[in-house]
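Enquirer: Here you go, input14.cif (mmCIF, C-alpha atoms):
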data_work
loop_
_atom_site.label_atom_id
_atom_site.label_comp_id
_atom_site.auth_asym_id
_atom_site.auth_seq_id
_atom_site.Cartn_x
_atom_site.Cartn_y
_atom_site.Cartn_z
CA MET A 1 36.26 -15.49 11.45
CA SER A 2 32.50 -15.05 11.63
CA GLN A 3 30.55 -14.77 8.40
CA VAL A 4 27.68 -12.39 7.74
CA SER A 5 24.48 -14.30 7.03
CA THR A 6 22.86 -13.68 3.67
CA GLU A 7 19.64 -15.44 4.67
CA PRO A 8 16.54 -13.21 4.82
CA ASP A 9 15.39 -12.23 8.30
CA LEU A 10 11.63 -12.72 8.48
CA LEU A 11 11.26 -12.02 12.19
CA TYR A 12 10.25 -8.67 13.66
CA THR A 13 12.84 -6.88 15.78
CA GLU A 14 12.00 -5.33 19.15
CA GLU A 15 12.17 -1.89 17.52
CA GLU A 16 9.74 -2.94 14.82
CA GLU A 17 7.30 -4.32 17.38
CA ALA A 18 7.55 -1.08 19.34
CA LEU A 19 6.85 0.86 16.15
CA ARG A 20 3.84 -1.36 15.45
CA ALA A 21 2.44 -0.76 18.94
CA ALA A 22 2.82 3.01 18.60
CA VAL A 23 1.16 3.13 15.18
CA ARG A 24 -1.65 0.81 16.27
CA ASP A 25 -2.36 2.92 19.36
CA LEU A 26 -2.56 6.06 17.21
CA LEU A 27 -4.87 4.42 14.69
CA THR A 28 -7.08 3.00 17.44
CA ASP A 29 -7.56 6.53 18.79
CA ARG A 30 -7.88 8.41 15.49
CA CYS A 31 -9.00 6.00 12.78
CA ALA A 32 -12.22 4.34 13.91
CA ALA A 33 -14.06 2.44 11.17
CA ALA A 34 -17.14 4.63 11.54
CA ASP A 35 -15.03 7.74 10.89
CA VAL A 36 -13.43 6.16 7.82
CA ILE A 37 -16.87 5.29 6.42
CA THR A 38 -18.07 8.85 7.06
CA ARG A 39 -15.05 10.21 5.17
CA THR A 40 -15.78 8.05 2.14
CA GLU A 41 -19.15 9.81 1.89
CA SER A 42 -17.56 13.26 1.97
CA ALA A 43 -15.66 15.33 -0.59
CA THR A 44 -12.39 14.81 1.34
CA PRO A 45 -11.77 11.07 1.74
CA HIS A 46 -8.23 11.65 3.01
CA ASP A 47 -7.73 12.45 6.68
CA PRO A 48 -5.24 15.36 6.92
CA GLU A 49 -5.15 15.34 10.72
CA LEU A 50 -4.28 11.64 10.84
CA TRP A 51 -1.63 12.21 8.18
CA LYS A 52 -0.15 15.04 10.24
CA ALA A 53 -0.05 12.84 13.35
CA LEU A 54 1.68 10.03 11.45
CA THR A 55 4.20 12.26 9.72
CA GLU A 56 4.94 15.40 11.71
CA GLY A 57 4.08 13.71 15.01
CA MET A 58 5.83 10.36 14.50
CA GLY A 59 8.17 11.08 11.58
CA LEU A 60 6.92 8.11 9.55
CA ALA A 61 6.98 9.79 6.13
CA GLY A 62 10.78 9.83 6.15
CA LEU A 63 11.50 6.22 7.08
CA LEU A 64 13.06 5.41 3.69
CA VAL A 65 15.04 8.65 3.47
CA PRO A 66 18.63 8.78 4.80
CA GLU A 67 19.26 11.17 7.65
CA ASP A 68 21.67 13.27 5.56
CA ARG A 69 18.84 13.88 3.09
CA GLY A 70 16.30 14.94 5.71
CA GLY A 71 14.72 11.64 6.71
CA GLN A 72 14.72 9.10 9.54
CA GLY A 73 17.28 6.75 8.01
CA ALA A 74 15.27 3.59 8.65
CA SER A 75 14.45 0.96 6.00
CA HIS A 76 11.74 -0.84 4.07
CA ARG A 77 11.29 -3.21 7.01
CA GLU A 78 10.01 -0.42 9.24
CA ALA A 79 7.88 1.02 6.46
CA ALA A 80 6.38 -2.45 5.99
CA VAL A 81 5.34 -2.56 9.65
CA VAL A 82 3.62 0.81 9.28
CA LEU A 83 1.80 -0.39 6.18
CA GLU A 84 0.60 -3.52 7.97
CA GLU A 85 -1.12 -1.35 10.55
CA LEU A 86 -2.47 1.11 7.98
CA GLY A 87 -3.90 -1.83 6.04
CA ARG A 88 -5.42 -3.27 9.20
CA ALA A 89 -7.24 0.04 9.82
CA VAL A 90 -7.85 0.81 6.10
CA ALA A 91 -6.48 4.24 6.96
CA PRO A 92 -7.36 6.98 4.45
CA VAL A 93 -3.85 8.46 4.17
CA PRO A 94 -1.46 8.61 1.17
CA TYR A 95 1.37 6.74 2.90
CA LEU A 96 2.03 4.10 0.24
CA THR A 97 1.85 6.56 -2.64
CA SER A 98 3.83 9.42 -1.05
CA ALA A 99 6.11 7.99 1.66
CA VAL A 100 6.99 4.87 -0.35
CA VAL A 101 6.44 5.14 -4.12
CA ALA A 102 7.07 8.87 -4.70
CA THR A 103 9.87 8.86 -2.14
CA GLU A 104 11.53 5.84 -3.76
CA ALA A 105 11.39 7.58 -7.16
CA LEU A 106 13.10 10.65 -5.70
CA LEU A 107 15.78 8.51 -4.06
CA GLY A 108 16.79 7.53 -7.58
CA CYS A 109 17.28 11.19 -8.57
CA GLU A 110 20.21 13.50 -7.93
CA GLY A 111 20.53 17.24 -7.71
CA PRO A 112 19.19 20.07 -5.57
CA ALA A 113 15.67 19.96 -7.00
CA ALA A 114 15.26 16.29 -6.11
CA ASP A 115 16.95 16.67 -2.72
CA GLY A 116 14.73 19.59 -1.72
CA LEU A 117 11.58 17.77 -2.73
CA LEU A 118 12.72 14.56 -1.02
CA ALA A 119 13.24 16.41 2.27
CA ALA A 120 9.80 18.02 1.92
CA LEU A 121 8.15 14.62 1.42
CA ALA A 122 10.13 13.17 4.34
CA SER A 123 8.74 15.87 6.64
CA GLY A 124 5.17 14.99 5.65
CA ARG A 125 4.30 18.62 5.06
CA THR A 126 4.36 17.98 1.32
CA VAL A 127 2.53 15.04 -0.27
CA GLY A 128 3.75 13.64 -3.56
CA THR A 129 2.46 11.03 -5.97
CA LEU A 130 4.04 9.32 -8.95
CA ALA A 131 1.87 10.11 -11.98
CA VAL A 132 1.71 6.52 -13.22
CA ALA A 133 -1.55 4.54 -13.22
CA LEU A 134 -2.02 2.52 -10.03
CA ASN A 135 -2.39 -0.75 -11.95
CA THR A 136 1.09 -0.47 -13.48
CA GLY A 137 3.55 -3.11 -12.32
CA PRO A 138 7.36 -2.84 -12.15
CA GLY A 139 8.80 -2.78 -15.65
CA ALA A 140 5.40 -2.49 -17.34
CA ALA A 141 4.71 0.11 -20.03
CA HIS A 142 3.04 3.31 -18.88
CA ARG A 143 1.80 6.53 -20.40
CA VAL A 144 4.12 9.56 -20.66
CA LEU A 145 3.46 13.23 -21.42
CA ARG A 146 4.43 15.39 -24.40
CA LEU A 147 6.92 18.22 -24.09
CA GLU A 148 5.99 21.31 -26.08
CA ASN A 149 7.70 24.70 -25.72
CA GLY A 150 9.20 23.61 -22.41
CA THR A 151 5.86 22.65 -20.81
CA LEU A 152 4.00 19.36 -20.35
CA HIS A 153 0.86 18.38 -22.24
CA GLY A 154 -1.40 15.33 -22.10
CA GLU A 155 -3.68 13.32 -19.87
CA LEU A 156 -3.03 10.59 -17.33
CA THR A 157 -5.66 8.36 -15.73
CA GLY A 158 -5.91 6.09 -12.70
CA ILE A 159 -3.51 8.16 -10.58
CA ALA A 160 -3.89 7.18 -6.92
CA ASP A 161 -4.11 9.81 -4.16
CA ALA A 162 -3.66 12.65 -6.65
CA ALA A 163 -6.33 14.62 -4.78
CA ALA A 164 -4.12 14.73 -1.69
CA ALA A 165 -0.91 15.55 -3.55
CA ASP A 166 0.92 18.85 -3.54
CA VAL A 167 3.37 17.75 -6.23
CA LEU A 168 3.25 15.20 -9.06
CA LEU A 169 6.25 13.25 -10.34
CA VAL A 170 5.63 12.97 -14.06
CA PRO A 171 7.51 10.91 -16.68
CA ALA A 172 7.75 12.57 -20.09
CA GLU A 173 8.45 11.44 -23.64
CA ASP A 174 12.03 12.70 -23.57
CA GLY A 175 12.87 10.14 -20.87
CA GLY A 176 12.95 12.65 -18.02
CA LEU A 177 11.08 12.68 -14.73
CA TYR A 178 9.63 16.06 -13.83
CA ALA A 179 8.05 17.66 -10.77
CA VAL A 180 4.78 19.48 -11.43
CA ASP A 181 2.84 21.44 -8.83
CA ALA A 182 -0.66 20.02 -8.35
CA ALA A 183 -2.11 23.52 -8.62
CA ALA A 184 -0.93 23.70 -12.25
CA VAL A 185 -3.07 20.78 -13.51
CA THR A 186 -6.75 19.91 -13.83
CA LEU A 187 -7.84 16.96 -11.72
CA VAL A 188 -11.11 15.06 -12.17
CA PRO A 189 -12.02 12.29 -9.67
CA GLN A 190 -12.61 8.83 -11.11
CA VAL A 191 -14.89 6.16 -9.72
CA SER A 192 -12.84 3.97 -7.39
CA LEU A 193 -13.84 0.74 -5.71
CA ASP A 194 -11.69 1.64 -2.72
CA GLN A 195 -12.90 5.08 -1.72
CA THR A 196 -10.12 5.42 0.88
CA ARG A 197 -7.54 5.49 -1.94
CA PRO A 198 -9.25 7.58 -4.63
CA LEU A 199 -8.16 7.72 -8.26
CA ALA A 200 -8.11 10.70 -10.58
CA ARG A 201 -7.72 11.72 -14.21
CA ILE A 202 -5.18 14.52 -14.59
CA THR A 203 -4.97 16.91 -17.53
CA PHE A 204 -1.73 18.79 -18.21
CA ASP A 205 -2.18 21.86 -20.38
CA ALA A 206 1.14 23.71 -20.71
CA ALA A 207 2.05 22.72 -17.16
CA PRO A 208 5.41 24.14 -15.97
CA ARG A 209 7.87 21.49 -14.80
CA ARG A 210 11.18 21.03 -12.97
CA LEU A 211 13.57 18.31 -14.11
CA LEU A 212 14.41 15.73 -11.44
CA THR A 213 16.34 13.17 -13.50
CA ALA A 214 16.95 12.32 -17.14
CA ASP A 215 16.43 8.61 -16.30
CA ALA A 216 12.75 8.39 -15.55
CA ALA A 217 12.63 4.71 -16.52
CA GLY A 218 15.04 3.67 -13.76
CA ALA A 219 13.42 5.84 -11.10
CA VAL A 220 9.90 4.70 -12.01
CA ARG A 221 10.85 1.04 -12.04
CA CYS A 222 12.47 1.24 -8.59
CA ALA A 223 9.46 3.13 -7.26
CA LEU A 224 6.95 0.61 -8.60
CA ARG A 225 9.03 -2.31 -7.33
CA ALA A 226 9.07 -0.85 -3.82
CA GLY A 227 5.36 -0.12 -4.08
CA ALA A 228 4.56 -3.69 -5.11
CA GLY A 229 6.85 -5.19 -2.46
CA LEU A 230 5.51 -3.14 0.43
CA LEU A 231 1.91 -3.37 -0.78
CA ALA A 232 2.17 -7.02 0.28
CA SER A 233 2.54 -5.82 3.88
CA GLU A 234 -0.61 -3.73 3.57
CA GLN A 235 -2.41 -6.78 2.17
CA LEU A 236 -1.09 -8.81 5.09
CA GLY A 237 -2.58 -6.30 7.52
CA ILE A 238 -5.94 -6.44 5.74
CA ALA A 239 -6.02 -10.25 5.81
CA ASP A 240 -4.88 -10.53 9.41
CA GLN A 241 -7.47 -8.04 10.64
CA ALA A 242 -10.24 -9.71 8.64
CA LEU A 243 -9.34 -13.07 10.20
CA THR A 244 -9.01 -11.66 13.72
CA GLU A 245 -12.40 -9.94 13.60
CA THR A 246 -14.08 -12.99 12.09
CA VAL A 247 -12.72 -15.30 14.78
CA ARG A 248 -13.87 -12.86 17.47
CA TYR A 249 -17.35 -12.64 15.98
CA LEU A 250 -17.76 -16.40 15.62
CA LYS A 251 -16.84 -16.89 19.28
CA GLU A 252 -19.64 -14.53 20.30
CA ARG A 253 -22.35 -15.40 17.75
CA LYS A 254 -24.50 -18.29 18.96
CA GLN A 255 -26.77 -20.71 17.15
CA PHE A 256 -28.56 -23.69 18.70
CA ASN A 257 -27.25 -22.39 22.02
CA ARG A 258 -23.58 -22.82 21.09
CA PRO A 259 -20.95 -20.50 19.52
CA VAL A 260 -21.04 -20.61 15.73
CA GLY A 261 -17.27 -20.93 15.71
CA GLY A 262 -17.60 -24.38 17.24
CA PHE A 263 -19.04 -25.86 14.06
CA GLN A 264 -16.50 -28.02 12.28
CA ALA A 265 -17.12 -26.65 8.80
CA LEU A 266 -16.42 -23.08 9.94
CA LYS A 267 -13.30 -24.19 11.83
CA HIS A 268 -11.94 -25.63 8.59
CA ARG A 269 -12.59 -22.39 6.72
CA LEU A 270 -10.90 -20.33 9.42
CA ALA A 271 -7.94 -22.71 9.54
CA GLN A 272 -7.46 -22.36 5.79
CA VAL A 273 -7.45 -18.57 6.03
CA TRP A 274 -5.00 -18.75 8.94
CA LEU A 275 -2.59 -20.88 6.89
CA GLU A 276 -2.83 -18.42 4.02
CA VAL A 277 -2.17 -15.45 6.31
CA VAL A 278 0.92 -17.15 7.77
CA GLY A 279 2.24 -17.71 4.25
CA ALA A 280 1.46 -14.11 3.28
CA ARG A 281 3.39 -12.88 6.32
CA ALA A 282 6.47 -14.86 5.28
CA ALA A 283 6.26 -13.60 1.69
CA ALA A 284 5.68 -9.97 2.72
CA ARG A 285 8.50 -9.99 5.26
CA ASN A 286 10.84 -11.55 2.71
CA ALA A 287 10.04 -8.80 0.19
CA ALA A 288 10.53 -6.05 2.79
CA ASP A 289 13.84 -7.54 3.93
CA ALA A 290 15.04 -7.92 0.33
CA LEU A 291 14.22 -4.28 -0.41
CA ALA A 292 15.89 -3.14 2.82
CA THR A 293 19.11 -5.06 2.13
CA ALA A 294 19.18 -4.45 -1.65
CA SER A 295 19.30 -8.20 -2.12
CA ALA A 296 20.13 -9.66 -5.51
CA ASP A 297 16.87 -11.61 -5.21
CA THR A 298 14.70 -8.52 -4.66
CA ASP A 299 12.83 -8.85 -7.96
CA VAL A 300 12.02 -12.48 -7.18
CA ALA A 301 10.97 -11.68 -3.60
CA VAL A 302 8.65 -8.89 -4.74
CA ALA A 303 7.06 -11.02 -7.45
CA VAL A 304 6.48 -13.91 -5.03
CA ALA A 305 5.01 -11.59 -2.39
CA GLN A 306 2.52 -9.98 -4.76
CA ALA A 307 1.58 -13.24 -6.49
CA TYR A 308 0.72 -14.73 -3.09
CA ALA A 309 -0.46 -11.89 -0.84
CA ALA A 310 -2.99 -10.31 -3.22
CA PRO A 311 -5.36 -13.32 -3.45
CA VAL A 312 -4.90 -14.06 0.27
CA ALA A 313 -6.15 -10.59 1.24
CA VAL A 314 -9.16 -10.92 -1.05
CA HIS A 315 -10.01 -14.40 0.24
CA ALA A 316 -9.71 -13.38 3.90
CA ALA A 317 -11.94 -10.33 3.35
CA GLU A 318 -14.50 -12.37 1.41
CA GLU A 319 -14.62 -14.98 4.17
CA ALA A 320 -15.09 -12.20 6.73
CA VAL A 321 -18.18 -10.99 4.83
CA GLN A 322 -19.56 -14.50 4.47
CA LEU A 323 -18.90 -15.63 8.02
CA HIS A 324 -20.36 -12.45 9.46
CA GLY A 325 -23.62 -13.57 7.89
CA GLY A 326 -23.54 -11.09 5.02
CA LEU A 327 -22.97 -8.07 7.28
CA GLY A 328 -20.47 -6.75 4.77
CA MET A 329 -23.48 -5.61 2.77
CA THR A 330 -24.38 -3.28 5.63
CA TRP A 331 -22.68 0.08 5.07
CA GLU A 332 -22.14 0.74 8.76
CA HIS A 333 -20.11 -2.45 9.27
CA PRO A 334 -16.37 -2.17 8.42
CA ALA A 335 -16.17 -5.52 6.57
CA HIS A 336 -16.79 -3.81 3.24
CA LEU A 337 -13.83 -1.47 3.79
CA HIS A 338 -11.42 -4.41 4.01
CA LEU A 339 -12.99 -6.16 1.03
CA LYS A 340 -12.85 -3.07 -1.18
CA ARG A 341 -9.26 -2.29 -0.23
CA ALA A 342 -8.25 -5.92 -0.79
CA LYS A 343 -9.93 -6.04 -4.21
CA ALA A 344 -8.44 -2.71 -5.28
CA ASP A 345 -5.00 -3.74 -4.01
CA SER A 346 -5.21 -6.96 -6.02
CA ILE A 347 -4.70 -4.99 -9.25
CA ALA A 348 -2.39 -2.30 -7.82
CA TYR A 349 1.23 -2.33 -9.05
CA GLY A 350 0.51 -5.37 -11.20
CA THR A 351 -1.93 -8.24 -10.82
CA ALA A 352 -1.00 -11.56 -9.23
CA GLY A 353 -1.03 -13.10 -12.70
CA ALA A 354 1.37 -10.47 -14.04
CA HIS A 355 3.74 -11.08 -11.13
CA ARG A 356 3.59 -14.84 -11.67
CA GLU A 357 4.50 -14.28 -15.31
CA ALA A 358 7.39 -12.02 -14.28
CA LEU A 359 8.53 -14.61 -11.75
CA ALA A 360 8.59 -17.31 -14.40
CA GLY A 361 10.95 -15.20 -16.46
CA LEU A 362 13.16 -14.39 -13.46
CA VAL A 363 13.70 -18.04 -12.54
CA ASP A 364 13.77 -19.38 -16.14
CA LEU A 365 10.58 -21.35 -15.71
CA GLN A 366 9.07 -21.98 -19.10
CA ALA A 367 5.33 -22.01 -19.60
CA PRO A 368 3.85 -25.47 -20.45
#
As structure tokens, please, write out the structure in this file.
Expert:
Amino acid sequence: MSQVSTEPDLLYTEEEEALRAAVRDLLTDRCAAADVITRTESATPHDPELWKALTEGMGLAGLLVPEDRGGQGASHREAAVVLEELGRAVAPVPYLTSAVVATEALLGCEGPAADGLLAALASGRTVGTLAVALNTGPGAAHRVLRLENGTLHGELTGIADAAAADVLLVPAEDGGLYAVDAAAVTLVPQVSLDQTRPLARITFDAAPRRLLTADAAGAVRCALRAGAGLLASEQLGIADQALTETVRYLKERKQFNRPVGGFQALKHRLAQVWLEVVGARAAARNAADALATASADTDVAVAVAQAYAAPVAVHAAEEAVQLHGGLGMTWEHPAHLHLKRAKADSIAYGTAGAHREALAGLVDLQAP
């Protein structure tokens, strides 16, 4: 009798490669670096038309949602492929925050209110965000709101993509997770290093709410774990694109009548980045597969992926700036987009250091 393998599958399937090709083609047509830079200078950094094409056109917002709850019935593996391409393009859309984190929180809720909102997010016509600071890792403490006279009161800061959200998923002091319409709160933009994923401070002053679940802690933890695990795929896309563009540039740039890429010292630097990107791909794929299969090692896989992928993305983007001869300091060149996204991602959903500390506890590795 054949046995089902429990080993993680790190390879991409034909369907996943086809999905990658479709998303990359769309982003090539509609997400040019010059357009992204222009958006960061405007009052609307998010691209609603690109979001509509990704969600209503391709159905990508509902990948994690079962078909019987209004989604596509795919898995975290497919969502990871999408995030690789979005990271490669530094696309200004709320995919990670709405289609992954907010959606994952709703998947942990039951009842008609949660089901209706989940279907709305899966369609892409409604954008949601979990009202927990972007730097919060799985299991970490986070701020909650007060309940007074049946309404929510308080202030939350560092909420990613709140400006694009139609609904906020808000944990409260009574342990519940509530849905709050974005129109019922006051939102003030905060300075963000990555202008393609803006942050905001949100004030709740007697905001009406709808109960989604009495167990906010469980829903929030699952959401942040999925966010951290799939963020590694976005970081992989950033690093891979930074390396690809740097190699291309160094083949074309000449000095002393020979390509700069032919110099031994630069070859060594590129080889080091390539090795790091290969490792990041393995870690990111392992985390996505663990989330997709509900593996018993999911917590370990997510911690490993974030501990490794975050510094790799930053290093690859920094090398791209350096090896382009400092062109990252030129606003018109896209190198700064990758560097800012990589740096901002390095503290999103927990720092690499926090994930290493969590990993030590998970595998009973005592500190020296």
Enquirer: Would you kindly return, as a ChimeraX atom specification, each protein, DNA or RNA residue with an atom no farther than 9 Å from any atom of Glu319 (chain A), considering all atoms listed in the file and excluding same-chain residues fewer than 6 positions away?
Expert: /A:242-243,246,269-270,273
Enquirer: From the set A:Lys52, A:Arg77, A:Arg30, A:Arg356, which residue has the shortest atom-to-atom contact distance to Ala292 (chain A), counting all atoms listed in the file?
Expert: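 With all atoms listed in the file as the atom set, the closest residue is A:Arg77.
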Enquirer: I need the output of the PyMOL selection byres ((chain A and resi 184) around 8) for this file as number ranges by chain; which residues are they?
Expert: A: 180-183, 185-186, 204, 207-208
Enquirer: Mind telling me what the PyMOL selection byres ((chain A and resi 320) around 12) catches here, as a ChimeraX atom specification?
Expert: /A:238-250,266,269-270,273,313-319,321-329,333-339,342
Enquirer: Could those selected residues go to a file with C-alpha atoms, as a tab-separated table (two decimals), in the frame of the given file?
Expert:
chain	number	residue	atom	x	y	z
A	238	ILE	CA	-5.94	-6.44	5.74
A	239	ALA	CA	-6.02	-10.25	5.81
A	240	ASP	CA	-4.88	-10.53	9.41
A	241	GLN	CA	-7.47	-8.04	10.64
A	242	ALA	CA	-10.24	-9.71	8.64
A	243	LEU	CA	-9.34	-13.07	10.20
A	244	THR	CA	-9.01	-11.66	13.72
A	245	GLU	CA	-12.40	-9.94	13.60
A	246	THR	CA	-14.08	-12.99	12.09
A	247	VAL	CA	-12.72	-15.30	14.78
A	248	ARG	CA	-13.87	-12.86	17.47
A	249	TYR	CA	-17.35	-12.64	15.98
A	250	LEU	CA	-17.76	-16.40	15.62
A	266	LEU	CA	-16.42	-23.08	9.94
A	269	ARG	CA	-12.59	-22.39	6.72
A	270	LEU	CA	-10.90	-20.33	9.42
A	273	VAL	CA	-7.45	-18.57	6.03
A	313	ALA	CA	-6.15	-10.59	1.24
A	314	VAL	CA	-9.16	-10.92	-1.05
A	315	HIS	CA	-10.01	-14.40	0.24
A	316	ALA	CA	-9.71	-13.38	3.90
A	317	ALA	CA	-11.94	-10.33	3.35
A	318	GLU	CA	-14.50	-12.37	1.41
A	319	GLU	CA	-14.62	-14.98	4.17
A	321	VAL	CA	-18.18	-10.99	4.83
A	322	GLN	CA	-19.56	-14.50	4.47
A	323	LEU	CA	-18.90	-15.63	8.02
A	324	HIS	CA	-20.36	-12.45	9.46
A	325	GLY	CA	-23.62	-13.57	7.89
A	326	GLY	CA	-23.54	-11.09	5.02
A	327	LEU	CA	-22.97	-8.07	7.28
A	328	GLY	CA	-20.47	-6.75	4.77
A	329	MET	CA	-23.48	-5.61	2.77
A	333	HIS	CA	-20.11	-2.45	9.27
A	334	PRO	CA	-16.37	-2.17	8.42
A	335	ALA	CA	-16.17	-5.52	6.57
A	336	HIS	CA	-16.79	-3.81	3.24
A	337	LEU	CA	-13.83	-1.47	3.79
A	338	HIS	CA	-11.42	-4.41	4.01
A	339	LEU	CA	-12.99	-6.16	1.03
A	342	ALA	CA	-8.25	-5.92	-0.79
Enquirer: List the neighbours of Leu50 (chain A) out to 9 Å using all atoms listed in the file; skip same-chain residues closer than 2 positions along the sequence, and give me the result as a ChimeraX atom specification.
Expert: /A:26-27,30-31,46-48,52-55,91-93
Enquirer: Report the distance between CA of Val90 (chain A) and CA of Leu230 (chain A) in Å, rounded to one decimal place.
Expert: 15.0 Å
Enquirer: If we count only C-alpha atoms and set the cut-off at 9 Å, which residues sit around Asp299 (chain A), ignoring sequence neighbours fewer than 3 positions away in its own chain? Please answer as an mmCIF file with C-alpha atoms, in the coordinates of the input.
Expert:
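What follows is the written file around25.cif:
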data_model
loop_
_atom_site.group_PDB
_atom_site.id
_atom_site.type_symbol
_atom_site.label_atom_id
_atom_site.label_comp_id
_atom_site.auth_asym_id
_atom_site.auth_seq_id
_atom_site.Cartn_x
_atom_site.Cartn_y
_atom_site.Cartn_z
ATOM 1 C CA ARG A 225 9.030 -2.310 -7.330
ATOM 2 C CA GLY A 229 6.850 -5.190 -2.460
ATOM 3 C CA ALA A 287 10.040 -8.800 0.190
ATOM 4 C CA ALA A 290 15.040 -7.920 0.330
ATOM 5 C CA LEU A 291 14.220 -4.280 -0.410
ATOM 6 C CA SER A 295 19.300 -8.200 -2.120
ATOM 7 C CA ALA A 296 20.130 -9.660 -5.510
ATOM 8 C CA VAL A 302 8.650 -8.890 -4.740
ATOM 9 C CA ALA A 303 7.060 -11.020 -7.450
ATOM 10 C CA VAL A 304 6.480 -13.910 -5.030
ATOM 11 C CA ALA A 358 7.390 -12.020 -14.280
ATOM 12 C CA LEU A 359 8.530 -14.610 -11.750
ATOM 13 C CA LEU A 362 13.160 -14.390 -13.460
#
Enquirer: Please enumerate the residues selected by the PyMOL selection byres ((chain A and resi 60) around 10) when evaluated against the supplied file, formatted as a PDB file with C-alpha atoms, keeping the file's coordinate frame.
Expert:
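out29.pdb was written with the following content:
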ATOM      1  CA  LEU A  19       6.850   0.860  16.150  1.00  0.00           C
ATOM      2  CA  VAL A  23       1.160   3.130  15.180  1.00  0.00           C
ATOM      3  CA  TRP A  51      -1.630  12.210   8.180  1.00  0.00           C
ATOM      4  CA  LYS A  52      -0.150  15.040  10.240  1.00  0.00           C
ATOM      5  CA  ALA A  53      -0.050  12.840  13.350  1.00  0.00           C
ATOM      6  CA  LEU A  54       1.680  10.030  11.450  1.00  0.00           C
ATOM      7  CA  THR A  55       4.200  12.260   9.720  1.00  0.00           C
ATOM      8  CA  GLU A  56       4.940  15.400  11.710  1.00  0.00           C
ATOM      9  CA  GLY A  57       4.080  13.710  15.010  1.00  0.00           C
ATOM     10  CA  MET A  58       5.830  10.360  14.500  1.00  0.00           C
ATOM     11  CA  GLY A  59       8.170  11.080  11.580  1.00  0.00           C
ATOM     12  CA  ALA A  61       6.980   9.790   6.130  1.00  0.00           C
ATOM     13  CA  GLY A  62      10.780   9.830   6.150  1.00  0.00           C
ATOM     14  CA  LEU A  63      11.500   6.220   7.080  1.00  0.00           C
ATOM     15  CA  LEU A  64      13.060   5.410   3.690  1.00  0.00           C
ATOM     16  CA  GLY A  71      14.720  11.640   6.710  1.00  0.00           C
ATOM     17  CA  GLN A  72      14.720   9.100   9.540  1.00  0.00           C
ATOM     18  CA  ALA A  74      15.270   3.590   8.650  1.00  0.00           C
ATOM     19  CA  GLU A  78      10.010  -0.420   9.240  1.00  0.00           C
ATOM     20  CA  ALA A  79       7.880   1.020   6.460  1.00  0.00           C
ATOM     21  CA  VAL A  82       3.620   0.810   9.280  1.00  0.00           C
ATOM     22  CA  TYR A  95       1.370   6.740   2.900  1.00  0.00           C
ATOM     23  CA  ALA A  99       6.110   7.990   1.660  1.00  0.00           C
ATOM     24  CA  ALA A 122      10.130  13.170   4.340  1.00  0.00           C
ATOM     25  CA  SER A 123       8.740  15.870   6.640  1.00  0.00           C
ATOM     26  CA  GLY A 124       5.170  14.990   5.650  1.00  0.00           C
TER      27      GLY A 124
END
Enquirer: Can you tell me, as a short mmCIF file (atom, residue, chain, number, x, y, z; two decimals) with C-alpha atoms, in the coordinates of the input, what residues are no more than 8 Å from Glu173 (chain A) when counting only C-alpha atoms, ignoring any on the same chain fewer than 2 positions away?
Expert:
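around_18.cif written:
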data_model
loop_
_atom_site.label_atom_id
_atom_site.label_comp_id
_atom_site.auth_asym_id
_atom_site.auth_seq_id
_atom_site.Cartn_x
_atom_site.Cartn_y
_atom_site.Cartn_z
CA VAL A 144 4.12 9.56 -20.66
CA LEU A 145 3.46 13.23 -21.42
CA ARG A 146 4.43 15.39 -24.40
CA LEU A 147 6.92 18.22 -24.09
CA PRO A 171 7.51 10.91 -16.68
CA GLY A 175 12.87 10.14 -20.87
CA GLY A 176 12.95 12.65 -18.02
#
Enquirer: Please, what is the axis-aligned box for every listed atom of region 297-307 of chain A with 8 Å on each side, as centre and edge lengths in Å to one decimal, as JSON?
Expert:
{"center_x": 9.2, "center_y": -11.2, "center_z": -5.2, "size_x": 31.3, "size_y": 21.4, "size_z": 21.6}
Enquirer: Write out as a VMD selection string each polymer residue whose atoms come within 10 Å of region 8-13 of chain A, counting all atoms listed in the file; drop sequence neighbours fewer than 2 positions from it.
Expert: chain A and resid 5 to 6 15 to 20 77 to 78 81 281 to 290 293 295
Enquirer: Could you check the closest approach to Gly150 (chain A) for each of A:Ala102, A:Leu199, A:Leu211, A:Val167 and tell me which residue wins, using only C-alpha atoms?
Expert: A:Leu211
Enquirer: Could you work out how far CA of Ala280 (chain A) lies from CA of Glu84 (chain A), giving the answer in Å with one decimal?
Expert: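 Taking CA of Glu84 (chain A) as the start and CA of Ala280 (chain A) as the end point, the length is 11.6 Å.
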Enquirer: When you draw a straight line from CA of Arg24 (chain A) to CA of Leu231 (chain A), how long is it in Å?
Expert: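 According to the coordinates, CA of Arg24 (chain A) and CA of Leu231 (chain A) are separated by 17.9 Å.
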Enquirer: From the list A:Gln190, A:Thr196, A:Thr203, A:Thr136, which residue is nearest His153 (chain A) when using only C-alpha atoms?
Expert: A:Thr203
Enquirer: With all atoms listed in the file as the basis for distance, which of A:Ala33, A:Ala141, A:Ala309, A:Ala119 is at the shortest distance from Glu234 (chain A)?
Expert: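 Going through A:Ala33, A:Ala141, A:Ala309, A:Ala119 one by one, the smallest distance to Glu234 (chain A) is for A:Ala309.
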Enquirer: Nearest to Glu357 (chain A): which of A:Leu96, A:Ala34, A:Val278, A:Ala140 is it, counting all atoms listed in the file?
Expert: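 Smallest separation from Glu357 (chain A) among the options: A:Ala140.
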